[in-house]
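Novice: Contents of input35.pdb (PDB, C-alpha atoms) are below:
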ATOM      1  CA  MET A 288      -4.560 -10.898   4.197
ATOM      2  CA  VAL A 289      -5.429 -11.468   0.556
ATOM      3  CA  THR A 290      -3.370  -8.485  -0.587
ATOM      4  CA  ALA A 291      -0.404  -9.541   1.541
ATOM      5  CA  VAL A 292      -0.494 -13.145   0.301
ATOM      6  CA  LEU A 293      -0.876 -12.088  -3.329
ATOM      7  CA  SER A 294       1.635  -9.242  -3.086
ATOM      8  CA  VAL A 295       3.861 -10.852  -5.735
ATOM      9  CA  ILE A 296       1.071 -10.341  -8.276
ATOM     10  CA  PRO A 297       0.824  -6.864  -9.796
ATOM     11  CA  LEU A 298      -2.291  -4.958  -8.756
ATOM     12  CA  SER A 299      -2.833  -7.236  -5.750
ATOM     13  CA  PRO A 300      -4.529  -4.448  -3.727
ATOM     14  CA  VAL A 301      -7.433  -4.702  -6.190
ATOM     15  CA  LEU A 302      -7.894  -8.359  -5.304
ATOM     16  CA  GLY A 303      -7.605  -7.761  -1.563
ATOM     17  CA  GLY A 304      -9.922  -4.775  -1.739
ATOM     18  CA  GLY A 305     -12.359  -6.830  -3.793
ATOM     19  CA  VAL A 306     -12.547  -9.521  -1.140
ATOM     20  CA  ALA A 307     -12.932  -6.891   1.593
ATOM     21  CA  GLY A 308     -15.651  -5.114  -0.392
ATOM     22  CA  TYR A 309     -17.466  -8.381  -1.010
ATOM     23  CA  LEU A 310     -17.454  -9.203   2.701
ATOM     24  CA  HIS A 311     -18.413  -5.674   3.855
ATOM     25  CA  ARG A 312     -21.006  -4.608   1.335
ATOM     26  CA  ASP A 313     -22.200  -1.480   3.104
ATOM     27  CA  ARG A 314     -18.771   0.214   3.187
ATOM     28  CA  GLY A 315     -16.786  -1.634   0.535
ATOM     29  CA  THR A 316     -14.764   1.256  -0.861
ATOM     30  CA  THR A 317     -13.555   2.372   2.555
ATOM     31  CA  VAL A 318     -12.738  -1.147   3.705
ATOM     32  CA  GLY A 319     -10.918  -1.812   0.423
ATOM     33  CA  ALA A 320      -8.781   1.306   0.829
ATOM     34  CA  VAL A 321      -7.945   0.405   4.416
ATOM     35  CA  SER A 322      -7.044  -3.152   3.409
ATOM     36  CA  GLY A 323      -4.639  -1.786   0.801
ATOM     37  CA  LEU A 324      -3.031   0.528   3.339
ATOM     38  CA  LEU A 325      -2.662  -2.230   5.908
ATOM     39  CA  ALA A 326      -1.031  -4.483   3.333
ATOM     40  CA  ALA A 327       1.448  -1.691   2.487
ATOM     41  CA  LEU A 328       2.637  -1.335   6.099
ATOM     42  CA  PRO A 329       5.320  -4.069   5.960
ATOM     43  CA  LEU A 330       6.842  -2.478   2.863
ATOM     44  CA  LEU A 331       6.830   0.915   4.550
ATOM     45  CA  VAL A 332       8.648  -0.546   7.569
ATOM     46  CA  VAL A 333      11.310  -2.038   5.284
ATOM     47  CA  LEU A 334      11.731   1.334   3.575
ATOM     48  CA  TRP A 335      12.096   3.038   6.949
ATOM     49  CA  ILE A 336      14.862   0.617   7.926
ATOM     50  CA  ALA A 337      16.577   1.096   4.563
ATOM     51  CA  PHE A 338      16.390   4.869   5.039
ATOM     52  CA  GLY A 339      18.112   4.519   8.402
ATOM     53  CA  VAL A 340      20.879   2.375   6.944
ATOM     54  CA  PHE A 341      21.467   4.645   3.958
ATOM     55  CA  SER A 342      21.421   7.758   6.135
ATOM     56  CA  PHE A 343      23.952   6.195   8.484
ATOM     57  CA  VAL A 344      26.228   5.208   5.604
ATOM     58  CA  LEU A 345      25.979   8.633   3.997
ATOM     59  CA  SER A 346      26.558  10.470   7.265
ATOM     60  CA  ALA A 347      29.724   8.427   7.865
ATOM     61  CA  GLY A 348      31.189   9.804   4.642
ATOM     62  CA  ASP A 349      31.681  13.364   3.450
ATOM     63  CA  VAL A 350      28.213  13.696   1.915
ATOM     64  CA  PRO A 351      26.079  15.758   4.332
ATOM     65  CA  GLN A 352      23.442  16.505   1.687
ATOM     66  CA  GLY A 353      23.185  12.791   0.852
ATOM     67  CA  SER A 354      20.894  12.102   3.806
ATOM     68  CA  ALA A 355      18.563  14.882   2.703
ATOM     69  CA  PHE A 356      18.442  13.428  -0.811
ATOM     70  CA  VAL A 357      17.649   9.961   0.516
ATOM     71  CA  GLY A 358      14.938  11.503   2.726
ATOM     72  CA  VAL A 359      13.300  13.245  -0.234
ATOM     73  CA  VAL A 360      13.418  10.069  -2.327
ATOM     74  CA  LEU A 361      11.989   8.070   0.586
ATOM     75  CA  ALA A 362       9.138  10.561   1.023
ATOM     76  CA  LEU A 363       8.267  10.326  -2.668
ATOM     77  CA  VAL A 364       8.396   6.531  -2.677
ATOM     78  CA  VAL A 365       6.221   6.331   0.445
ATOM     79  CA  ALA A 366       3.676   8.718  -1.104
ATOM     80  CA  VAL A 367       3.500   6.623  -4.274
ATOM     81  CA  ILE A 368       3.112   3.378  -2.311
ATOM     82  CA  VAL A 369       0.360   4.802  -0.094
ATOM     83  CA  VAL A 370      -1.591   6.233  -3.033
ATOM     84  CA  TYR A 371      -1.107   3.015  -5.055
ATOM     85  CA  ALA A 372      -2.331   0.799  -2.217
ATOM     86  CA  ALA A 373      -5.240   2.998  -1.145
ATOM     87  CA  VAL A 374      -6.595   3.763  -4.613
ATOM     88  CA  LEU A 375      -6.332   0.214  -5.911
ATOM     89  CA  GLY A 376      -7.801  -1.160  -2.677
ATOM     90  CA  ALA A 377     -10.737   1.255  -2.978
ATOM     91  CA  VAL A 378     -11.293   0.248  -6.609
ATOM     92  CA  GLY A 379     -11.221  -3.396  -5.579
ATOM     93  CA  GLY A 380     -13.683  -2.685  -2.772
ATOM     94  CA  LEU A 381     -16.046  -0.994  -5.198
ATOM     95  CA  LEU A 382     -15.799  -3.953  -7.573
ATOM     96  CA  GLY A 383     -16.337  -6.378  -4.681
ATOM     97  CA  VAL A 384     -19.523  -4.583  -3.628
ATOM     98  CA  SER A 385     -20.746  -4.605  -7.221
ATOM     99  CA  PHE A 386     -20.065  -8.337  -7.494
ATOM    100  CA  ALA A 387     -21.787  -9.016  -4.167
ATOM    101  CA  GLU A 388     -24.881  -7.092  -5.228
ATOM    102  CA  ARG A 389     -25.081  -9.046  -8.482
ATOM    103  CA  GLN A 390     -24.800 -12.317  -6.563
ATOM    104  CA  SER A 391     -27.687 -11.405  -4.255
ATOM    105  CA  ARG A 392     -30.158 -10.740  -7.075
TER
END
Before we go any further, please render this structure as structure tokens.

Specialist:
Amino acid sequence: MVTAVLSVIPLSPVLGGGVAGYLHRDRGTTVGAVSGLLAALPLLVVLWIAFGVFSFVLSAGDVPQGSAFVGVVLALVVAVIVVYAAVLGAVGGLLGVSFAERQSR
């Protein structure tokens, strides 16, 4: 939820992962990565819809290779989004666990 609410802020998966890591100290990195991936799902759904629209528009014209190009671009964008969300969420989870351990001392 934190990542989704703060999605307008750059690097928001770090903040969401940090909160998740703080709350789940024993598996903070994993929970942070999962929180980043879950927050990326709405964006991935929007991209899927956009891919459908662009493919339909391109298939209506005389550009048969246009749909393939859009598919390749979509695959690259999805890969970047997934890696971005998972890695930054995991980093945030690691930082959250570190912060939680310092608080408990």

Novice: Would you give me, as a tab-separated table, each residue of stretch 323-387 of chain A having an atom within 6 Å of an atom of stretch 302-306 of chain A, along with its shortest atom pair and that distance in Å to one decimal, using only C-alpha atoms and sorting by chain and residue number?

Specialist:
residue	atom	partner	partner_atom	distance
A:Gly376	CA	A:Gly304	CA	4.3
A:Gly379	CA	A:Gly305	CA	4.0
A:Gly380	CA	A:Gly304	CA	4.4
A:Leu382	CA	A:Gly305	CA	5.9
A:Gly383	CA	A:Gly305	CA	4.1

Novice: Output C-alpha atoms for every residue in the selection just made, as a short mmCIF file (atom, residue, chain, number, x, y, z; two decimals), in the frame of the given file.

Specialist:
data_model
loop_
_atom_site.label_atom_id
_atom_site.label_comp_id
_atom_site.auth_asym_id
_atom_site.auth_seq_id
_atom_site.Cartn_x
_atom_site.Cartn_y
_atom_site.Cartn_z
CA GLY A 376 -7.80 -1.16 -2.68
CA GLY A 379 -11.22 -3.40 -5.58
CA GLY A 380 -13.68 -2.68 -2.77
CA LEU A 382 -15.80 -3.95 -7.57
CA GLY A 383 -16.34 -6.38 -4.68
#

Novice: Have a look at A:Leu381, A:Leu310, A:Val374, A:Ala326 and name the one nearest to A:Val289; count only C-alpha atoms.

Specialist: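 Nearest to A:Val289: A:Ala326.
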
Novice: Can you work out the spacing between atom CA of A:Ile296 and atom CA of A:Leu331 in Å, to one decimal?

Specialist: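 Taking atom CA of A:Ile296 as the start and atom CA of A:Leu331 as the end point, the length is 18.0 Å.
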
Novice: Which of these, A:Thr290, A:Ser346, A:Ser391, A:Gln352, has the shortest distance to A:Leu328 once you count all atoms listed in the file?

Specialist: A:Thr290

Novice: Hey, can you check how far atom CA of A:Ala327 sits from atom CA of A:Val344?

Specialist: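 Those two atoms sit 25.9 Å apart.
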
Novice: Using all atoms listed in the file, find the one residue out of A:Val364, A:Leu375, A:Met288, A:Val384 that sits nearest to A:Val301.

Specialist: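 Smallest separation from A:Val301 among the options: A:Leu375.
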
Novice: Taking into account all atoms listed in the file, which residue in the set A:Arg389, A:Ala377, A:Pro297, A:Phe338 is nearest to A:Arg314?

Specialist: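 Using all atoms listed in the file, the shortest distance to A:Arg314 belongs to A:Ala377.
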
Novice: Which residues would end up in the selection if the PyMOL selection byres ((chain A and resi 355) around 12) were applied here, given that I need the answer as a ChimeraX atom specification?

Specialist: /A:338-339,341-343,345-346,350-354,356-362

Novice: So how many Å separate atom CA of A:Val340 and atom CA of A:Val369, to one decimal?

Specialist: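 Here the two named atoms are 21.8 Å from each other.
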
Novice: From the list A:Gly315, A:Ala307, A:Ala347, A:Ile368, which residue is nearest A:Leu330 when using only C-alpha atoms?

Specialist: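 Of A:Gly315, A:Ala307, A:Ala347, A:Ile368, the one nearest A:Leu330 is A:Ile368, counting only C-alpha atoms.
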
Novice: Given all atoms listed in the file as the basis, pick out the residue of A:Val318, A:Gln390, A:Asp313, A:Val295 nearest to A:Val378.

Specialist: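 Ranking A:Val318, A:Gln390, A:Asp313, A:Val295 by distance to A:Val378, first place goes to A:Val318.
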